[in-house]
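What follows is coords-v6.txt (compact mmCIF, C-alpha atoms and all ligand atoms).
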# COMPACT_ATOMS: atom_id res chain seq x y z
CA MET R 1 -59.29 58.03 48.56
CA LEU R 2 -59.65 61.69 47.65
CA ALA R 3 -62.76 60.99 45.56
CA PRO R 4 -64.18 57.58 46.57
CA GLU R 5 -67.20 57.89 44.24
CA VAL R 6 -64.78 58.25 41.30
CA GLU R 7 -61.84 56.10 42.39
CA GLY R 8 -64.04 53.22 43.56
CA ARG R 9 -66.43 53.30 40.60
CA PRO R 10 -66.75 49.91 38.89
CA TRP R 11 -64.40 49.91 35.91
CA ARG R 12 -67.17 48.92 33.50
CA GLU R 13 -69.09 52.09 34.47
CA GLN R 14 -65.92 54.13 34.03
CA LEU R 15 -65.48 52.80 30.49
CA ALA R 16 -69.08 53.73 29.63
CA LEU R 17 -68.45 57.31 30.83
CA ASP R 18 -65.12 57.37 29.02
CA ASP R 19 -66.79 56.23 25.79
CA HIS R 20 -69.13 59.22 25.98
CA HIS R 21 -66.24 61.66 26.58
CA TYR R 22 -64.14 60.04 23.87
CA ARG R 23 -66.84 60.57 21.24
CA GLU R 24 -67.06 64.23 22.25
CA GLN R 25 -63.27 64.52 22.16
CA ILE R 26 -63.15 63.07 18.64
CA ALA R 27 -65.85 65.52 17.45
CA TYR R 28 -63.81 68.33 19.05
CA LEU R 29 -60.68 67.20 17.22
CA PHE R 30 -62.48 67.17 13.85
CA ASP R 31 -63.75 70.65 14.63
CA ARG R 32 -60.59 72.23 16.07
CA SER R 33 -57.43 70.23 15.32
CA THR R 34 -55.77 70.69 11.93
CA PHE R 35 -53.32 67.94 12.86
CA TYR R 36 -55.97 65.30 13.62
CA ARG R 37 -58.39 66.35 10.89
CA GLU R 38 -55.63 65.71 8.34
CA LYS R 39 -54.36 62.58 10.07
CA LEU R 40 -57.79 60.98 10.41
CA PHE R 41 -58.79 61.96 6.86
CA ALA R 42 -55.59 60.33 5.57
CA ALA R 43 -56.49 57.16 7.49
CA GLY R 44 -59.93 57.08 5.85
CA PHE R 45 -62.00 58.61 8.66
CA ARG R 46 -64.00 61.55 7.34
CA SER R 47 -66.13 62.22 10.44
CA GLY R 48 -66.49 61.48 14.13
CA GLU R 49 -69.29 59.01 13.37
CA ARG R 50 -66.89 56.97 11.24
CA VAL R 51 -64.40 56.84 14.10
CA GLY R 52 -66.99 55.37 16.48
CA GLY R 53 -66.41 54.66 20.19
CA LEU R 54 -63.61 53.41 22.41
CA LYS R 55 -64.01 49.78 21.38
CA ASP R 56 -62.98 50.80 17.85
CA ILE R 57 -60.03 52.96 18.90
CA VAL R 58 -57.55 50.28 17.77
CA ARG R 59 -58.43 51.09 14.16
CA LEU R 60 -57.03 54.62 14.49
CA PRO R 61 -53.43 55.58 13.72
CA PHE R 62 -50.96 56.24 16.53
CA THR R 63 -49.50 59.65 17.31
CA GLU R 64 -45.71 59.84 17.51
CA LYS R 65 -43.81 62.63 19.23
CA ALA R 66 -41.85 63.27 16.01
CA GLU R 67 -45.06 64.01 14.06
CA LEU R 68 -46.03 66.70 16.54
CA ARG R 69 -42.58 68.26 16.27
CA ALA R 70 -42.75 68.13 12.48
CA SER R 71 -45.96 70.17 12.51
CA VAL R 72 -44.25 73.11 14.23
CA THR R 73 -43.84 76.26 12.09
CA PRO R 74 -42.48 79.75 12.86
CA ASP R 75 -46.11 80.93 13.03
CA ASN R 76 -47.18 78.05 15.25
CA PRO R 77 -44.34 77.04 17.60
CA ILE R 78 -46.68 74.65 19.46
CA GLY R 79 -47.74 72.56 16.45
CA SER R 80 -50.88 71.99 14.39
CA HIS R 81 -52.45 69.91 17.18
CA LEU R 82 -53.13 73.21 18.99
CA CYS R 83 -56.91 73.62 19.25
CA VAL R 84 -57.49 76.86 21.13
CA GLY R 85 -56.82 80.58 20.77
CA ARG R 86 -54.08 82.44 22.60
CA ASP R 87 -56.51 83.89 25.15
CA GLU R 88 -57.66 80.45 26.36
CA ILE R 89 -54.16 79.21 27.28
CA VAL R 90 -53.24 79.78 30.91
CA ARG R 91 -49.97 77.82 31.09
CA ILE R 92 -47.28 76.58 28.71
CA TYR R 93 -44.83 73.93 29.88
CA SER R 94 -41.96 72.66 27.81
CA THR R 95 -40.04 69.41 27.51
CA SER R 96 -36.30 69.25 27.04
CA GLY R 97 -36.09 68.42 23.34
CA THR R 98 -33.24 66.26 22.09
CA THR R 99 -32.85 68.59 19.10
CA GLY R 100 -32.27 71.70 21.18
CA THR R 101 -35.68 73.28 20.59
CA PRO R 102 -38.13 72.38 23.35
CA SER R 103 -41.63 71.15 22.58
CA PHE R 104 -44.36 73.18 24.18
CA ILE R 105 -47.30 71.83 26.16
CA PRO R 106 -50.15 74.36 26.40
CA LEU R 107 -53.02 74.03 28.88
CA THR R 108 -56.36 75.75 29.32
CA GLN R 109 -57.56 76.50 32.86
CA ARG R 110 -59.71 73.37 32.79
CA ASP R 111 -56.86 71.23 31.42
CA LEU R 112 -54.62 72.42 34.24
CA ASP R 113 -57.32 71.80 36.81
CA ASN R 114 -57.83 68.25 35.51
CA TRP R 115 -54.08 67.63 35.63
CA VAL R 116 -53.96 68.66 39.26
CA THR R 117 -57.05 66.55 40.08
CA ALA R 118 -55.45 63.45 38.54
CA SER R 119 -52.09 64.12 40.14
CA SER R 120 -53.72 64.63 43.57
CA ARG R 121 -55.42 61.24 43.36
CA SER R 122 -52.12 59.61 42.34
CA TYR R 123 -50.15 61.22 45.17
CA ALA R 124 -52.87 60.68 47.77
CA ALA R 125 -52.95 56.96 46.85
CA SER R 126 -49.62 56.65 48.70
CA GLY R 127 -51.46 57.34 51.95
CA VAL R 128 -50.33 60.94 52.58
CA LYS R 129 -53.08 62.89 54.30
CA SER R 130 -54.26 66.43 54.76
CA GLY R 131 -52.41 68.08 57.65
CA GLU R 132 -49.16 66.15 57.13
CA ARG R 133 -45.92 67.73 55.95
CA ILE R 134 -44.25 66.78 52.68
CA VAL R 135 -40.81 67.82 51.43
CA THR R 136 -40.38 67.90 47.62
CA THR R 137 -37.17 67.94 45.60
CA TYR R 138 -38.45 68.86 42.13
CA ASN R 139 -37.70 72.18 40.56
CA ALA R 140 -40.88 73.56 39.06
CA GLY R 141 -38.92 75.25 36.27
CA PRO R 142 -40.26 74.82 32.73
CA PHE R 143 -41.29 71.20 33.26
CA VAL R 144 -44.70 69.67 33.91
CA ALA R 145 -43.56 68.50 37.38
CA GLY R 146 -44.60 71.99 38.48
CA ALA R 147 -48.23 70.92 38.15
CA ALA R 148 -47.57 67.93 40.42
CA LEU R 149 -46.48 70.33 43.13
CA ALA R 150 -49.91 72.00 42.90
CA SER R 151 -51.45 68.64 43.81
CA VAL R 152 -49.68 68.85 47.16
CA ASP R 153 -51.81 71.91 47.97
CA ARG R 154 -54.93 70.21 46.64
CA ILE R 155 -54.47 67.27 49.02
CA GLY R 156 -54.08 69.75 51.87
CA LEU R 157 -50.51 68.90 52.79
CA CYS R 158 -48.04 71.39 54.22
CA HIS R 159 -45.54 71.76 51.37
CA ILE R 160 -41.81 72.18 52.03
CA PRO R 161 -40.17 72.69 48.61
CA VAL R 162 -36.35 72.41 48.60
CA GLY R 163 -35.67 71.93 44.88
CA THR R 164 -33.26 69.63 43.07
CA GLY R 165 -29.70 68.84 44.13
CA ASN R 166 -29.84 70.71 47.42
CA THR R 167 -29.02 67.89 49.78
CA GLU R 168 -27.93 69.94 52.80
CA ARG R 169 -31.13 71.97 52.71
CA LEU R 170 -33.24 68.81 52.26
CA MET R 171 -31.68 67.00 55.20
CA THR R 172 -31.91 70.08 57.39
CA ALA R 173 -35.61 70.36 56.54
CA ILE R 174 -36.13 66.69 57.44
CA ARG R 175 -34.22 67.10 60.72
CA LEU R 176 -35.85 70.34 61.88
CA LEU R 177 -39.30 70.46 60.27
CA LYS R 178 -40.03 66.72 60.62
CA PRO R 179 -42.11 66.09 57.48
CA GLU R 180 -43.95 62.75 57.26
CA ALA R 181 -43.28 62.31 53.52
CA ALA R 182 -40.61 63.07 50.91
CA VAL R 183 -40.89 63.25 47.10
CA LEU R 184 -37.76 62.23 45.19
CA THR R 185 -36.43 60.38 42.17
CA PRO R 186 -35.53 56.79 43.13
CA SER R 187 -31.88 57.51 42.22
CA TYR R 188 -31.78 60.46 44.60
CA ALA R 189 -33.48 58.44 47.35
CA ALA R 190 -30.74 55.80 46.96
CA TYR R 191 -27.98 58.43 46.91
CA LEU R 192 -29.27 59.97 50.14
CA ILE R 193 -29.01 56.64 51.98
CA GLU R 194 -25.26 56.64 51.29
CA TRP R 195 -24.99 60.38 52.00
CA ALA R 196 -26.63 59.91 55.40
CA LYS R 197 -24.48 56.88 56.26
CA GLU R 198 -21.26 58.79 55.57
CA ARG R 199 -22.38 61.55 57.95
CA ASP R 200 -23.88 59.41 60.71
CA PHE R 201 -27.31 60.86 59.93
CA ASP R 202 -29.83 58.25 61.08
CA LEU R 203 -32.29 58.34 58.20
CA ARG R 204 -34.26 55.40 59.58
CA ALA R 205 -34.95 57.33 62.77
CA SER R 206 -36.13 60.44 60.88
CA SER R 207 -39.76 61.63 60.73
CA ILE R 208 -40.19 60.32 57.15
CA THR R 209 -42.64 57.40 56.99
CA ARG R 210 -43.47 57.64 53.28
CA VAL R 211 -41.13 58.13 50.35
CA LEU R 212 -42.87 58.95 47.06
CA VAL R 213 -40.65 58.34 44.05
CA ALA R 214 -41.16 59.35 40.42
CA GLY R 215 -39.27 60.51 37.35
CA GLU R 216 -37.71 57.18 36.32
CA PRO R 217 -38.36 53.44 36.80
CA GLY R 218 -36.99 51.80 39.96
CA GLY R 219 -39.43 52.47 42.79
CA GLY R 220 -41.46 49.42 41.82
CA GLU R 221 -38.56 46.99 41.32
CA PRO R 222 -38.84 44.70 44.36
CA ALA R 223 -35.12 44.55 45.21
CA PHE R 224 -34.53 48.25 44.59
CA ARG R 225 -37.61 49.17 46.59
CA ALA R 226 -36.48 46.92 49.46
CA ARG R 227 -33.11 48.71 49.52
CA LEU R 228 -34.83 52.12 49.68
CA GLU R 229 -37.29 51.00 52.38
CA GLU R 230 -34.48 49.51 54.46
CA GLY R 231 -32.35 52.65 54.14
CA TRP R 232 -35.16 55.12 54.87
CA GLY R 233 -37.17 53.02 57.32
CA ALA R 234 -40.21 54.15 55.31
CA ARG R 235 -42.77 52.83 52.85
CA VAL R 236 -41.83 53.55 49.22
CA THR R 237 -44.49 54.05 46.53
CA GLU R 238 -44.13 55.42 43.02
CA ALA R 239 -45.91 57.71 40.56
CA LEU R 240 -45.60 58.17 36.80
CA GLY R 241 -46.53 60.94 34.38
CA ILE R 242 -46.09 61.46 30.64
CA GLY R 243 -45.20 65.09 29.79
CA ASP R 244 -47.41 65.43 26.73
CA ILE R 245 -50.42 63.76 28.37
CA GLY R 246 -50.38 64.74 32.03
CA VAL R 247 -48.39 64.87 35.22
CA SER R 248 -48.48 61.97 37.77
CA LEU R 249 -51.13 60.13 35.78
CA TRP R 250 -50.46 56.97 37.75
CA GLY R 251 -49.87 56.57 41.47
CA GLU R 252 -49.25 53.56 43.65
CA CYS R 253 -51.32 52.79 46.74
CA ALA R 254 -50.05 51.38 50.03
CA GLU R 255 -50.65 47.83 48.73
CA GLN R 256 -47.55 48.38 46.53
CA ASN R 257 -48.76 46.22 43.67
CA GLY R 258 -48.57 48.71 40.81
CA MET R 259 -49.61 52.32 40.12
CA HIS R 260 -53.34 52.99 39.73
CA LEU R 261 -54.53 55.25 36.91
CA GLY R 262 -55.19 58.44 38.90
CA ALA R 263 -56.12 60.19 35.64
CA ARG R 264 -59.09 57.87 35.11
CA GLY R 265 -61.85 59.69 33.25
CA PHE R 266 -59.32 62.13 31.75
CA VAL R 267 -57.12 59.63 29.94
CA HIS R 268 -57.76 56.27 28.23
CA ALA R 269 -54.96 53.70 28.45
CA GLU R 270 -54.13 50.94 25.96
CA LEU R 271 -51.34 48.42 25.71
CA ILE R 272 -49.66 47.53 22.41
CA ASN R 273 -46.88 45.34 21.11
CA PRO R 274 -44.19 47.99 20.40
CA VAL R 275 -42.86 46.11 17.37
CA THR R 276 -46.11 45.19 15.57
CA GLY R 277 -48.33 47.97 16.98
CA LEU R 278 -51.07 45.39 17.60
CA PRO R 279 -53.23 45.72 20.72
CA VAL R 280 -52.40 43.67 23.81
CA GLU R 281 -55.31 42.79 26.10
CA MET R 282 -55.18 44.62 29.45
CA LYS R 283 -55.12 41.77 31.97
CA ASP R 284 -52.97 40.67 34.89
CA GLY R 285 -49.36 40.20 33.86
CA ALA R 286 -49.73 41.58 30.31
CA THR R 287 -46.76 43.68 29.12
CA GLY R 288 -46.35 46.14 26.29
CA GLU R 289 -45.98 49.79 25.37
CA LEU R 290 -48.41 52.19 26.99
CA VAL R 291 -50.56 54.20 24.54
CA LEU R 292 -52.63 57.08 25.93
CA THR R 293 -55.58 59.12 24.64
CA HIS R 294 -56.96 62.32 26.12
CA LEU R 295 -60.69 62.17 26.85
CA GLN R 296 -61.51 65.71 27.99
CA HIS R 297 -58.55 67.82 26.92
CA ARG R 298 -58.87 71.20 25.24
CA ALA R 299 -55.59 73.00 24.42
CA ALA R 300 -53.71 70.29 22.51
CA PRO R 301 -55.37 66.89 22.98
CA LEU R 302 -53.59 63.76 21.80
CA LEU R 303 -55.00 60.58 20.37
CA ARG R 304 -53.30 57.18 20.75
CA PHE R 305 -50.02 58.77 21.83
CA ARG R 306 -47.12 56.32 21.95
CA THR R 307 -45.50 56.93 25.33
CA ARG R 308 -42.42 54.71 24.73
CA ASP R 309 -42.96 53.40 28.26
CA HIS R 310 -42.90 49.62 28.48
CA VAL R 311 -45.17 48.49 31.30
CA GLU R 312 -46.68 45.49 33.05
CA VAL R 313 -50.44 45.71 33.78
CA TRP R 314 -52.81 44.39 36.45
CA THR R 315 -56.60 44.66 36.37
CA SER R 316 -57.59 42.34 39.24
CA PRO R 317 -59.19 44.01 42.30
CA CYS R 318 -56.86 45.86 44.66
CA ALA R 319 -57.39 45.69 48.43
CA CYS R 320 -57.34 49.51 48.62
CA GLY R 321 -60.71 49.68 46.82
CA ARG R 322 -59.46 51.68 43.83
CA THR R 323 -60.82 50.05 40.69
CA ALA R 324 -58.48 51.62 38.11
CA PRO R 325 -55.98 49.31 36.38
CA ARG R 326 -52.43 49.29 37.71
CA ILE R 327 -49.08 49.42 35.92
CA ARG R 328 -45.43 49.12 36.66
CA CYS R 329 -42.91 50.67 34.27
CA ILE R 330 -40.34 48.11 33.14
CA GLY R 331 -38.34 50.67 31.14
CA ARG R 332 -38.37 53.07 28.23
CA THR R 333 -38.83 51.44 24.85
CA ASP R 334 -36.08 53.90 23.78
CA ASP R 335 -33.64 52.35 26.31
CA MET R 336 -34.44 48.83 25.18
CA LEU R 337 -31.64 46.79 23.64
CA ILE R 338 -32.21 43.73 21.51
CA VAL R 339 -29.60 41.08 22.24
CA ARG R 340 -29.82 38.45 19.52
CA GLY R 341 -33.61 38.85 19.24
CA VAL R 342 -34.29 39.18 22.97
CA ASN R 343 -35.67 42.46 24.34
CA VAL R 344 -33.55 43.66 27.27
CA PHE R 345 -34.36 46.61 29.55
CA PRO R 346 -31.44 48.01 31.59
CA SER R 347 -33.74 48.44 34.62
CA ALA R 348 -34.62 44.73 34.43
CA ILE R 349 -30.89 43.89 34.53
CA ARG R 350 -30.54 46.08 37.62
CA GLU R 351 -33.43 44.25 39.23
CA VAL R 352 -31.82 40.83 38.68
CA VAL R 353 -28.42 42.05 39.84
CA SER R 354 -29.99 43.54 42.99
CA GLU R 355 -31.02 40.01 44.07
CA PHE R 356 -27.34 39.56 44.94
CA ALA R 357 -27.48 42.14 47.72
CA PRO R 358 -25.80 42.52 50.18
CA ALA R 359 -22.83 41.55 47.96
CA VAL R 360 -23.69 44.26 45.39
CA SER R 361 -24.42 47.98 45.85
CA GLY R 362 -27.32 48.04 43.35
CA TYR R 363 -25.51 50.29 40.85
CA ILE R 364 -24.95 48.93 37.34
CA LEU R 365 -23.91 50.27 33.94
CA VAL R 366 -24.69 48.54 30.65
CA LYS R 367 -22.01 49.14 28.01
CA PRO R 368 -23.27 48.28 24.52
CA THR R 369 -20.46 47.32 22.16
CA VAL R 370 -22.00 48.82 19.00
CA PRO R 371 -24.23 51.87 18.46
CA GLY R 372 -27.95 51.25 18.13
CA VAL R 373 -30.51 48.90 19.58
CA LYS R 374 -29.30 45.56 18.19
CA GLN R 375 -26.47 43.95 20.15
CA GLU R 376 -24.59 40.70 19.87
CA PRO R 377 -23.97 38.68 23.05
CA PRO R 378 -22.24 38.83 25.38
CA LEU R 379 -23.57 42.25 26.47
CA PRO R 380 -21.06 43.94 28.82
CA VAL R 381 -22.55 44.86 32.21
CA THR R 382 -20.49 46.58 34.90
CA ILE R 383 -21.71 45.80 38.41
CA GLU R 384 -20.68 47.68 41.51
CA LEU R 385 -19.97 45.67 44.66
CA ALA R 386 -21.01 46.61 48.18
CA PRO R 387 -18.38 48.09 50.53
CA GLY R 388 -15.97 45.37 51.65
CA THR R 389 -17.00 42.80 49.00
CA GLU R 390 -14.16 41.33 46.94
CA PRO R 391 -14.71 40.64 43.22
CA THR R 392 -14.60 36.88 42.59
CA VAL R 393 -15.03 34.81 39.44
CA GLU R 394 -17.56 32.73 41.34
CA LEU R 395 -19.83 35.74 42.05
CA ALA R 396 -19.53 36.99 38.45
CA ASN R 397 -20.51 33.53 37.20
CA ARG R 398 -23.51 33.33 39.51
CA ILE R 399 -24.79 36.73 38.35
CA ARG R 400 -24.23 35.84 34.69
CA GLU R 401 -26.15 32.57 35.13
CA ARG R 402 -29.01 34.33 36.92
CA ILE R 403 -29.26 36.94 34.13
CA ARG R 404 -29.24 34.18 31.51
CA HIS R 405 -31.97 32.32 33.40
CA VAL R 406 -34.30 35.31 34.01
CA LEU R 407 -33.63 37.62 31.05
CA VAL R 408 -32.49 35.02 28.49
CA PHE R 409 -29.32 36.72 27.26
CA THR R 410 -25.62 36.31 27.97
CA ALA R 411 -23.85 39.11 29.81
CA LEU R 412 -20.15 39.82 30.16
CA ILE R 413 -19.86 40.70 33.84
CA GLU R 414 -17.31 43.16 35.17
CA LEU R 415 -17.30 43.59 38.96
CA VAL R 416 -16.00 46.93 40.24
CA ALA R 417 -15.34 48.31 43.73
CA PHE R 418 -17.92 50.26 45.72
CA GLY R 419 -18.06 53.91 44.64
CA SER R 420 -16.79 53.27 41.07
CA LEU R 421 -20.06 54.10 39.29
CA ALA R 422 -21.51 57.62 39.13
CA ARG R 423 -24.26 58.60 41.61
CA SER R 424 -27.05 60.94 40.64
CA GLU R 425 -29.00 63.56 42.54
CA TYR R 426 -31.61 63.36 39.79
CA LYS R 427 -31.95 60.44 37.39
CA SER R 428 -29.53 57.55 36.87
CA LYS R 429 -27.96 56.61 33.58
CA LEU R 430 -28.08 52.82 33.23
CA VAL R 431 -26.63 52.65 29.72
CA GLN R 432 -23.34 54.08 28.49
CA HIS R 433 -23.97 55.20 24.91
ZN ZN R 501 -54.63 49.85 45.34

Rewrite the coordinates I just gave you, this time as structure tokens.
Amino acid sequence: MLAPEVEGRPWREQLALDDHHYREQIAYLFDRSTFYREKLFAAGFRSGERVGGLKDIVRLPFTEKAELRASVTPDNPIGSHLCVGRDEIVRIYSTSGTTGTPSFIPLTQRDLDNWVTASSRSYAASGVKSGERIVTTYNAGPFVAGAALASVDRIGLCHIPVGTGNTERLMTAIRLLKPEAAVLTPSYAAYLIEWAKERDFDLRASSITRVLVAGEPGGGEPAFRARLEEGWGARVTEALGIGDIGVSLWGECAEQNGMHLGARGFVHAELINPVTGLPVEMKDGATGELVLTHLQHRAAPLLRFRTRDHVEVWTSPCACGRTAPRIRCIGRTDDMLIVRGVNVFPSAIREVVSEFAPAVSGYILVKPTVPGVKQEPPLPVTIELAPGTEPTVELANRIRERIRHVLVFTALIELVAFGSLARSEYKSKLVQH
């Protein structure tokens, strides 16, 4: 652990500290945030005292991304949740907005420092140590991932940045510089296994012993993870960040049973039912949408931010000694389809299909028949076969039955030859819209 006194602190003590910071954060919002002053007033909270502590947080309204966007004006391109003056902001990241205009994420020096602290804990949880070499494949660019790269320095690793989509350079770096770890999206890690095979590059014999994946779900799906570990001959762990809240907030330890909250003390996590908005108790096996609240943020803090990430939670002790709760991302609430009343995540379909390895390649594409979330069965799913596997009605039937058994919906299975579905050097598309 980078900070054993923090990461091993009993969770009850952490919550007591968090409660103290939360009350200060709420007072700060009333003082500085036009957005939250108006929002909390409208919800009947006229002061920080009325809001109370963390145990009462469920009474407060959620914050949606769209509300933040709606508060943007020509005079204030960041939004009315901005709490500090121009001279206090040391960095401004942006997210790729669906509307064409990006949303901006400002940070004070302390905000940035806290981001890097949290991200360092999350990355170090994987087991990478000071003095080792790590090759990264993220472009800093305008995106918050740039702050994650700073955590590499904080841990004391030797950083070999190669950027996105530069496979030749990446593989040359692995071959010649012999890094112990690589940071990738799970899709890219999978793509590189095939790339190496085609070129007789023995990835399993390379210097890489740890593969850290982030950027999309997949690294924690047992079958998908097994495929990556087999192909790389390395241990695969994952990390997860939420642009508006912080980078690599969560990071998995070597026990591989979910990502610990590396941002403990900086961020409070809740679970809700995404349809009703009601709280879901954080306990082993609970699932729901992740809702996050800043506890010590200054530039543009957020309260009860709906992340749209659907996660499973564990709170039981972990053998690594870290006491923070753990999550695994099941999928984006935005990617969720509802097939005759049943919630279906494309990544969950991929996980079930991957059980049929080595007959399947692990690549799938869901093809909804009508626009929107609600679908009527059967839901078409195209499944790519492994090299040399012939499509048979028997295999299609077995996969359909398994999907019906585990995910409780009926799929229309189309089996296609190896290489038919698109590969990605960044993130995979699991749904054809
Ligand atoms: Zn652990």

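In terms of minimum interatomic distance to Phe62 of chain R, R:Pro279 ranks closest within R:Gly231, R:Pro74, R:Pro279, R:Pro371, counting all atoms listed in the file.
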
Contacts with ligand ZN 501 (chain R) at most 9 Å, only C-alpha atoms and all ligand atoms counted, listed as a PyMOL selection string: chain R and resi 125+252-260+317-324+326

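For the pair atom CA of Arg225 of chain R and atom CA of Pro186 of chain R, the separation is 8.6 Å.
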
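Counting only C-alpha atoms and comparing R:Ile174, R:Leu415, R:Arg308, R:Gly48, the residue that lies closest to Gly277 of chain R is R:Arg308.
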
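Counting only C-alpha atoms and comparing R:Val135, R:Ala42, R:Met171, R:Ala300, the residue that lies closest to Leu112 of chain R is R:Ala300.
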
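Going from atom CA of Glu64 of chain R to atom CA of Phe45 of chain R covers 18.6 Å.
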
For Arg133 of chain R, the nearest of the candidates R:Ile105, R:Ala148, R:Leu192, R:Leu177, counting only C-alpha atoms: R:Leu177

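Distance annotation: of R:Thr293, R:Thr117, R:Ser130, R:Asn139, the residue with the minimal separation from His268 of chain R is R:Thr293; atom set is all atoms listed in the file.
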
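Minimum distance to Ala234 of chain R across R:Ala150, R:Ser126, R:Gly285, R:Gly419 (counting all atoms listed in the file) occurs at R:Ser126.
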